[in-house]
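Student: The following block contains the structure, expressed as C-alpha cells.
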Amino acid sequence: MRKLFLALTFFILAASMQAQFLNNLTVSGTIKNPQKQWVYLSELGKSSMIPVDSAKISANNSFYIATNISKANFFQLTNGGKQYAILILQPNEQVSININAKAMLQPTGIKGSPTTIQLYNMLNKVNAYEAQLQKLNQEYQKVAGTAKQDSVGQVLSYKFANINQQKDAYLKAEINKDPSLASLLFLDKIDIDKNLPLYQNVDKVLYAKYKDNAFVKDLHHKVASKLKLAPGSMAPEINLPDTAGNNIALSSLRGKVVLIDFWASWCSPCRREMPNNVKLYNKYHSQGYEIYGVSLDKERSNWIKAIKDDHLNWIHVSDLRYWQSKAARNYGVNSIPFTVLIGRDGKIIAVGLRGVALEQKLQQLFAK
C-alpha cells in the first residue's frame, strides 16, 4: 500500500510539474526610473484586470517574473502607477523587455514575443501619424478666427485628410498582411461596414487559433452579426409583444418597406431623431412605409410615455430587457439609435440610415 501511495504521489507531482512546464512563462527585463520597488503583471479580463504575478526590482533595476498562463491574451505590466506597458503573451514564451516607468508605452529591446513586437511596431507608426495630425491642428489654431482661416485652413484640411488616409491604408495593409491578437487593438479604428472583408479575414485567422479568447470571441460574434445584416440578406425574425401585450412578428409586415428602429426612452440621441422619423412616416406611410420600433427600455411606463410624448404612431414592440433584449442581441446592437431598412421582400437594404441619408433612400425607393 505504501508503495502504491508513493507511486501515486510521484505521478501527481510529475503531472503537476509537466502542466507547469507546458504553461511556463517568464517576463524579465529592466525598468528605468522605477516609481516603486515592484512590477506587477495582470491579465486583461472582460471587465477588469486579473492579477497574475509580481516581482521585486533588483538594485540594478532588473526584474524577473516566472509564472503560468493558460492561454494567449493581453496583459499589463505596471510599476504601481497609472502607466502600463501592454504585452500579448502566450504559454511557453520567455519574454524580455526594457521599460521606462515614465513612458511605459514606449518599451525597447523586446524579445521572445513576436506579437508584442508587432503591437509596438504598429503603435509607433500610428503615433507618428497622430503626431502629424496634432501638428496640423496646432497650425490651424494659430490662424483660427483670423483673415487667414479660410485660405490656410483649406490647405491644412487637405493635408489632414491625406494623413488620415495614409494612416488608414497602413493599418488595413498591416492587419490584412498578418492578422494577430495585436490587430484587435487597432481594428476598431477601421469602419467595419466599409471594410467587412478585412474583418472577416482577421476573424477567420484568429478564431482558428484563439477561439477560447474572450476578445476573439467578441470579434467573431461581431462579424457574424454584420454578415447576418449584409444588404440582400433576409432580415432575422423579430416577434415581440407590443404595448398591448400582443406579439407582432416582423415577417407579418412583408410587402412593406420597413425601418426597424432600435431605441429607448432613456436614449437622448434616439429621442432627438424622432421628429425626423415622424415626418418621414407621415409622408410615406400611405405608400407602404412602416416603422417597427424595438425598445430597449426596462420600465414599461417610461416606454409608453415616450411613445405618447413624441407622437410615435407606428408599431412598437419590446421585451423590456434593456441590453439583454433578444432582438437587439440577435441583430448585434451595441449602441442606439440603430436602424435596419428592409424592402418589401423582407431583405435588408441598408443598416444605420438616419436623418438626411434615410430621407434620400426613401425618396429613391418610393420614386420607383
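How things are named: the first chain in the C-alpha cells is A, the next is B, and so on; residues count from 1 in each chain; ligands count from 1 in the order shown.
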Could you give me, as a PyMOL selection string, the residues within 9 Å of segment 32-46 of chain A, counting only C-alpha atoms and dropping anything in the same chain fewer than 2 positions from it?
Tutor: chain A and resi 27+30+48-58+61-63+65+73-81+98-102+214-215
Student: Would you mind exporting N, CA and C atoms of the selected residues as an mmCIF file, in the first residue's frame?
Tutor:
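This went into again_26.cif:
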```cif
data_model
loop_
_atom_site.group_PDB
_atom_site.id
_atom_site.type_symbol
_atom_site.label_atom_id
_atom_site.label_comp_id
_atom_site.auth_asym_id
_atom_site.auth_seq_id
_atom_site.Cartn_x
_atom_site.Cartn_y
_atom_site.Cartn_z
ATOM 1 N N VAL A 27 8.765 36.652 -17.827
ATOM 2 C CA VAL A 27 8.835 38.035 -18.301
ATOM 3 C C VAL A 27 9.927 38.711 -17.495
ATOM 4 N N THR A 30 14.454 45.224 -17.715
ATOM 5 C CA THR A 30 14.886 46.323 -16.850
ATOM 6 C C THR A 30 13.811 47.393 -16.836
ATOM 7 N N SER A 48 -12.325 43.688 -16.053
ATOM 8 C CA SER A 48 -11.353 44.119 -15.043
ATOM 9 C C SER A 48 -10.006 43.461 -15.298
ATOM 10 N N MET A 49 -9.005 43.961 -14.592
ATOM 11 C CA MET A 49 -7.680 43.369 -14.664
ATOM 12 C C MET A 49 -7.574 42.255 -13.619
ATOM 13 N N ILE A 50 -6.966 41.141 -14.007
ATOM 14 C CA ILE A 50 -6.822 39.988 -13.119
ATOM 15 C C ILE A 50 -5.356 39.854 -12.735
ATOM 16 N N PRO A 51 -5.007 40.042 -11.459
ATOM 17 C CA PRO A 51 -3.598 39.922 -11.043
ATOM 18 C C PRO A 51 -3.049 38.533 -11.377
ATOM 19 N N VAL A 52 -1.827 38.508 -11.911
ATOM 20 C CA VAL A 52 -1.187 37.243 -12.278
ATOM 21 C C VAL A 52 0.024 36.966 -11.403
ATOM 22 N N ASP A 53 0.956 37.939 -11.347
ATOM 23 C CA ASP A 53 2.178 37.738 -10.559
ATOM 24 C C ASP A 53 2.882 39.076 -10.387
ATOM 25 N N SER A 54 3.923 39.070 -9.601
ATOM 26 C CA SER A 54 4.709 40.289 -9.365
ATOM 27 C C SER A 54 6.149 39.902 -9.073
ATOM 28 N N ALA A 55 7.029 40.889 -9.111
ATOM 29 C CA ALA A 55 8.446 40.643 -8.810
ATOM 30 C C ALA A 55 9.071 41.918 -8.270
ATOM 31 N N LYS A 56 9.999 41.749 -7.379
ATOM 32 C CA LYS A 56 10.707 42.900 -6.809
ATOM 33 C C LYS A 56 11.814 43.331 -7.764
ATOM 34 N N ILE A 57 11.970 44.630 -7.897
ATOM 35 C CA ILE A 57 13.014 45.170 -8.776
ATOM 36 C C ILE A 57 14.342 45.133 -8.029
ATOM 37 N N SER A 58 15.359 44.609 -8.696
ATOM 38 C CA SER A 58 16.667 44.475 -8.043
ATOM 39 C C SER A 58 17.414 45.805 -8.051
ATOM 40 N N ASN A 61 17.982 47.586 -11.281
ATOM 41 C CA ASN A 61 16.737 47.903 -11.994
ATOM 42 C C ASN A 61 16.221 46.775 -12.894
ATOM 43 N N SER A 62 16.648 45.555 -12.655
ATOM 44 C CA SER A 62 16.148 44.428 -13.424
ATOM 45 C C SER A 62 15.040 43.720 -12.650
ATOM 46 N N PHE A 63 14.242 42.950 -13.362
ATOM 47 C CA PHE A 63 13.172 42.180 -12.729
ATOM 48 C C PHE A 63 13.013 40.863 -13.459
ATOM 49 N N ILE A 65 9.965 37.717 -13.704
ATOM 50 C CA ILE A 65 8.713 37.086 -13.310
ATOM 51 C C ILE A 65 8.637 35.715 -13.967
ATOM 52 N N ASN A 73 -3.253 35.921 -24.412
ATOM 53 C CA ASN A 73 -4.153 37.015 -24.060
ATOM 54 C C ASN A 73 -3.364 38.303 -23.919
ATOM 55 N N PHE A 74 -4.092 39.375 -23.610
ATOM 56 C CA PHE A 74 -3.495 40.684 -23.373
ATOM 57 C C PHE A 74 -3.160 40.824 -21.891
ATOM 58 N N PHE A 75 -1.995 41.413 -21.623
ATOM 59 C CA PHE A 75 -1.536 41.597 -20.255
ATOM 60 C C PHE A 75 -1.014 43.015 -20.081
ATOM 61 N N GLN A 76 -0.982 43.453 -18.828
ATOM 62 C CA GLN A 76 -0.397 44.751 -18.492
ATOM 63 C C GLN A 76 0.728 44.545 -17.490
ATOM 64 N N LEU A 77 1.791 45.283 -17.732
ATOM 65 C CA LEU A 77 2.904 45.313 -16.790
ATOM 66 C C LEU A 77 2.944 46.719 -16.206
ATOM 67 N N THR A 78 2.834 46.824 -14.884
ATOM 68 C CA THR A 78 2.829 48.133 -14.243
ATOM 69 C C THR A 78 3.898 48.202 -13.172
ATOM 70 N N ASN A 79 4.159 49.437 -12.764
ATOM 71 C CA ASN A 79 5.117 49.678 -11.679
ATOM 72 C C ASN A 79 4.394 50.313 -10.488
ATOM 73 N N GLY A 80 3.099 50.032 -10.410
ATOM 74 C CA GLY A 80 2.323 50.531 -9.290
ATOM 75 C C GLY A 80 1.618 51.850 -9.544
ATOM 76 N N GLY A 81 1.913 52.490 -10.673
ATOM 77 C CA GLY A 81 1.259 53.754 -11.010
ATOM 78 C C GLY A 81 0.176 53.550 -12.048
ATOM 79 N N ASN A 98 12.595 46.106 -22.037
ATOM 80 C CA ASN A 98 13.170 47.223 -21.289
ATOM 81 C C ASN A 98 12.159 48.366 -21.264
ATOM 82 N N ILE A 99 11.916 48.881 -20.059
ATOM 83 C CA ILE A 99 10.838 49.856 -19.880
ATOM 84 C C ILE A 99 11.329 51.063 -19.109
ATOM 85 N N ASN A 100 10.791 52.222 -19.498
ATOM 86 C CA ASN A 100 10.959 53.439 -18.717
ATOM 87 C C ASN A 100 9.650 53.679 -17.988
ATOM 88 N N ALA A 101 9.667 53.690 -16.667
ATOM 89 C CA ALA A 101 8.443 53.822 -15.880
ATOM 90 C C ALA A 101 7.710 55.126 -16.157
ATOM 91 N N LYS A 102 8.401 56.118 -16.735
ATOM 92 C CA LYS A 102 7.763 57.389 -17.063
ATOM 93 C C LYS A 102 7.143 57.391 -18.462
ATOM 94 N N ALA A 214 -11.606 35.538 -25.054
ATOM 95 C CA ALA A 214 -12.858 36.299 -24.955
ATOM 96 C C ALA A 214 -12.946 37.408 -26.000
ATOM 97 N N PHE A 215 -11.818 38.066 -26.293
ATOM 98 C CA PHE A 215 -11.842 39.191 -27.228
ATOM 99 C C PHE A 215 -11.945 38.705 -28.673
#
```
Student: Considering only C-alpha atoms, return as a ChimeraX atom specification whatever protein or nucleic-acid residues lie within 12 Å of Phe160 of chain A, sequence-local ones (same chain, fewer than 2 positions apart) excluded.
Tutor: /A:129-140,153-158,162-167
Student: Select, from A:Pro269, A:Gly29, A:Gly288, A:Pro107, the residue with the minimum atom-to-atom distance to Val257 of chain A, counting only C-alpha atoms.
Tutor: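 Smallest distance to Val257 of chain A is found for A:Gly288.
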Student: Choose the residue, out of A:Ser335, A:Asn92, A:Thr115, A:Ser325, that has the smallest atom-to-atom separation from Ser183 of chain A; count only C-alpha atoms.
Tutor: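 Among the listed residues, the smallest separation from Ser183 of chain A belongs to A:Thr115.
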Student: Can you measure atom CA of Ser225 of chain A to atom CA of Tyr331 of chain A for me? One decimal in Å is fine.
Tutor: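 Result for atom CA of Ser225 of chain A versus atom CA of Tyr331 of chain A: 6.1 Å, one decimal.
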Student: Determine the nearest neighbour of Leu171 of chain A from the options A:Val143, A:Ala235, A:Val278, A:Met122, counting only C-alpha atoms.
Tutor: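 Nearest candidate to Leu171 of chain A out of A:Val143, A:Ala235, A:Val278, A:Met122: A:Met122.
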Student: Based on DSSP run over this structure's backbone, return all residues of segment 73-315 of chain A in strand (DSSP E or B), as a ChimeraX atom specification.
Tutor: /A:73-78,84-89,94-100,108-111,234,239-242,247-249,257-263,289-295,315
Student: Pull N, CA and C atoms from the residues just selected and write them as a short mmCIF file (atom, residue, chain, number, x, y, z; two decimals), in the first residue's frame.
Tutor:
```cif
data_model
loop_
_atom_site.label_atom_id
_atom_site.label_comp_id
_atom_site.auth_asym_id
_atom_site.auth_seq_id
_atom_site.Cartn_x
_atom_site.Cartn_y
_atom_site.Cartn_z
N ASN A 73 -3.25 35.92 -24.41
CA ASN A 73 -4.15 37.01 -24.06
C ASN A 73 -3.36 38.30 -23.92
N PHE A 74 -4.09 39.37 -23.61
CA PHE A 74 -3.50 40.68 -23.37
C PHE A 74 -3.16 40.82 -21.89
N PHE A 75 -1.99 41.41 -21.62
CA PHE A 75 -1.54 41.60 -20.26
C PHE A 75 -1.01 43.02 -20.08
N GLN A 76 -0.98 43.45 -18.83
CA GLN A 76 -0.40 44.75 -18.49
C GLN A 76 0.73 44.54 -17.49
N LEU A 77 1.79 45.28 -17.73
CA LEU A 77 2.90 45.31 -16.79
C LEU A 77 2.94 46.72 -16.21
N THR A 78 2.83 46.82 -14.88
CA THR A 78 2.83 48.13 -14.24
C THR A 78 3.90 48.20 -13.17
N TYR A 84 1.22 51.91 -17.85
CA TYR A 84 1.38 50.47 -18.03
C TYR A 84 1.96 50.19 -19.41
N ALA A 85 2.57 49.03 -19.52
CA ALA A 85 3.01 48.51 -20.81
C ALA A 85 2.07 47.37 -21.19
N ILE A 86 1.69 47.31 -22.45
CA ILE A 86 0.83 46.23 -22.93
C ILE A 86 1.70 45.10 -23.46
N LEU A 87 1.37 43.89 -23.06
CA LEU A 87 2.06 42.71 -23.56
C LEU A 87 1.01 41.73 -24.09
N ILE A 88 1.33 41.07 -25.19
CA ILE A 88 0.47 40.00 -25.69
C ILE A 88 1.26 38.71 -25.53
N LEU A 89 0.87 37.92 -24.55
CA LEU A 89 1.69 36.77 -24.13
C LEU A 89 0.99 35.46 -24.42
N GLN A 94 9.38 33.10 -23.37
CA GLN A 94 10.36 33.72 -22.47
C GLN A 94 10.60 35.13 -23.01
N VAL A 95 9.96 36.07 -22.38
CA VAL A 95 9.92 37.44 -22.91
C VAL A 95 10.85 38.34 -22.12
N SER A 96 11.56 39.19 -22.85
CA SER A 96 12.37 40.22 -22.19
C SER A 96 12.00 41.57 -22.78
N ILE A 97 12.06 42.60 -21.93
CA ILE A 97 11.61 43.92 -22.33
C ILE A 97 12.26 44.98 -21.45
N ASN A 98 12.59 46.11 -22.04
CA ASN A 98 13.17 47.22 -21.29
C ASN A 98 12.16 48.37 -21.26
N ILE A 99 11.92 48.88 -20.06
CA ILE A 99 10.84 49.86 -19.88
C ILE A 99 11.33 51.06 -19.11
N ASN A 100 10.79 52.22 -19.50
CA ASN A 100 10.96 53.44 -18.72
C ASN A 100 9.65 53.68 -17.99
N THR A 108 11.53 49.17 -25.19
CA THR A 108 12.56 48.87 -26.19
C THR A 108 13.10 47.47 -25.93
N GLY A 109 13.85 46.96 -26.89
CA GLY A 109 14.54 45.69 -26.72
C GLY A 109 13.63 44.51 -26.45
N ILE A 110 12.45 44.49 -27.07
CA ILE A 110 11.52 43.40 -26.83
C ILE A 110 12.00 42.13 -27.54
N LYS A 111 12.03 41.04 -26.81
CA LYS A 111 12.41 39.75 -27.37
C LYS A 111 11.48 38.66 -26.83
N MET A 234 -31.86 38.15 -45.80
CA MET A 234 -33.18 38.21 -45.18
C MET A 234 -33.02 38.73 -43.75
N ASN A 239 -40.12 38.82 -33.05
CA ASN A 239 -41.51 38.58 -32.68
C ASN A 239 -41.68 38.89 -31.20
N LEU A 240 -42.03 40.15 -30.92
CA LEU A 240 -42.11 40.63 -29.54
C LEU A 240 -43.47 41.27 -29.26
N PRO A 241 -43.82 41.40 -27.98
CA PRO A 241 -45.11 42.00 -27.65
C PRO A 241 -45.16 43.50 -27.87
N ASP A 242 -46.31 43.98 -28.32
CA ASP A 242 -46.50 45.43 -28.48
C ASP A 242 -46.96 46.02 -27.14
N ASN A 247 -48.09 39.91 -29.46
CA ASN A 247 -46.88 39.75 -30.27
C ASN A 247 -47.13 40.17 -31.71
N ILE A 248 -46.16 40.91 -32.26
CA ILE A 248 -46.21 41.32 -33.67
C ILE A 248 -44.91 40.86 -34.31
N ALA A 249 -45.00 40.00 -35.28
CA ALA A 249 -43.82 39.48 -35.98
C ALA A 249 -43.40 40.43 -37.09
N VAL A 257 -42.12 48.48 -47.07
CA VAL A 257 -40.76 48.93 -46.75
C VAL A 257 -40.76 49.24 -45.26
N VAL A 258 -39.86 48.60 -44.51
CA VAL A 258 -39.89 48.70 -43.05
C VAL A 258 -38.56 49.20 -42.50
N LEU A 259 -38.66 50.18 -41.62
CA LEU A 259 -37.49 50.63 -40.88
C LEU A 259 -37.56 50.01 -39.49
N ILE A 260 -36.62 49.12 -39.17
CA ILE A 260 -36.51 48.60 -37.81
C ILE A 260 -35.69 49.61 -37.03
N ASP A 261 -36.30 50.18 -36.01
CA ASP A 261 -35.65 51.25 -35.24
C ASP A 261 -35.44 50.81 -33.80
N PHE A 262 -34.18 50.49 -33.45
CA PHE A 262 -33.83 50.14 -32.08
C PHE A 262 -33.60 51.44 -31.31
N TRP A 263 -34.35 51.64 -30.22
CA TRP A 263 -34.31 52.89 -29.50
C TRP A 263 -34.68 52.64 -28.04
N TYR A 289 -44.92 52.42 -46.29
CA TYR A 289 -43.77 52.54 -45.40
C TYR A 289 -44.21 52.31 -43.96
N GLU A 290 -43.46 51.48 -43.24
CA GLU A 290 -43.79 51.20 -41.84
C GLU A 290 -42.52 51.30 -40.99
N ILE A 291 -42.70 51.69 -39.74
CA ILE A 291 -41.61 51.68 -38.77
C ILE A 291 -41.94 50.65 -37.71
N TYR A 292 -40.97 49.80 -37.43
CA TYR A 292 -41.10 48.74 -36.43
C TYR A 292 -40.12 49.08 -35.31
N GLY A 293 -40.63 49.80 -34.28
CA GLY A 293 -39.78 50.27 -33.20
C GLY A 293 -39.54 49.19 -32.16
N VAL A 294 -38.25 48.91 -31.91
CA VAL A 294 -37.88 47.92 -30.89
C VAL A 294 -37.21 48.67 -29.74
N SER A 295 -37.90 48.72 -28.60
CA SER A 295 -37.39 49.50 -27.47
C SER A 295 -36.49 48.66 -26.57
N ILE A 315 -45.65 50.99 -35.19
CA ILE A 315 -45.62 49.75 -34.41
C ILE A 315 -44.48 49.80 -33.39
#
```
Student: As a VMD selection string, please: all residues of segment 22-260 of chain A that backbone DSSP puts in alpha helix (DSSP H).
Tutor: chain A and resid 22 114 to 143 149 to 177 184 to 187 196 to 210 214 to 228
Student: Measuring between only C-alpha atoms, which one of A:Glu299, A:Ala103, A:Asn276, A:Lys177 shows the shortest distance to Gly355 of chain A?
Tutor: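 Smallest distance to Gly355 of chain A is found for A:Asn276.
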Student: Tell me, in Å to one decimal, how far atom CA of His221 of chain A is from atom CA of Gly332 of chain A.
Tutor: 7.9 Å
Student: What gap, in Å, lies between atom CA of His311 of chain A and atom CA of Leu229 of chain A?
Tutor: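 Computing it gives 29.0 Å between the two atoms.
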Student: Closest to Ile69 of chain A among A:Val216, A:Leu25, A:Ile238, A:Leu312, using only C-alpha atoms?
Tutor: A:Leu25
Student: Considering only C-alpha atoms, return as a list of chain:residue names whatever protein or nucleic-acid residues lie within 12 Å of Lys211 of chain A, sequence-local ones (same chain, fewer than 5 positions apart) excluded.
Tutor: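 Once the adjacent positions are removed, what remains is A:Lys71, A:Ala72, A:Asn73, A:Leu181, A:Asp203, A:Lys204, A:Val205, A:Leu206, A:Val216, A:Lys217, A:Asp218, A:Leu219, A:His220, A:His221.
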Student: Between A:Leu362, A:Ile342, A:Lys209, A:Asp168, which has the minimum distance to Lys283 of chain A (counting only C-alpha atoms)?
Tutor: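 Selected residue with least distance to Lys283 of chain A: A:Leu362.
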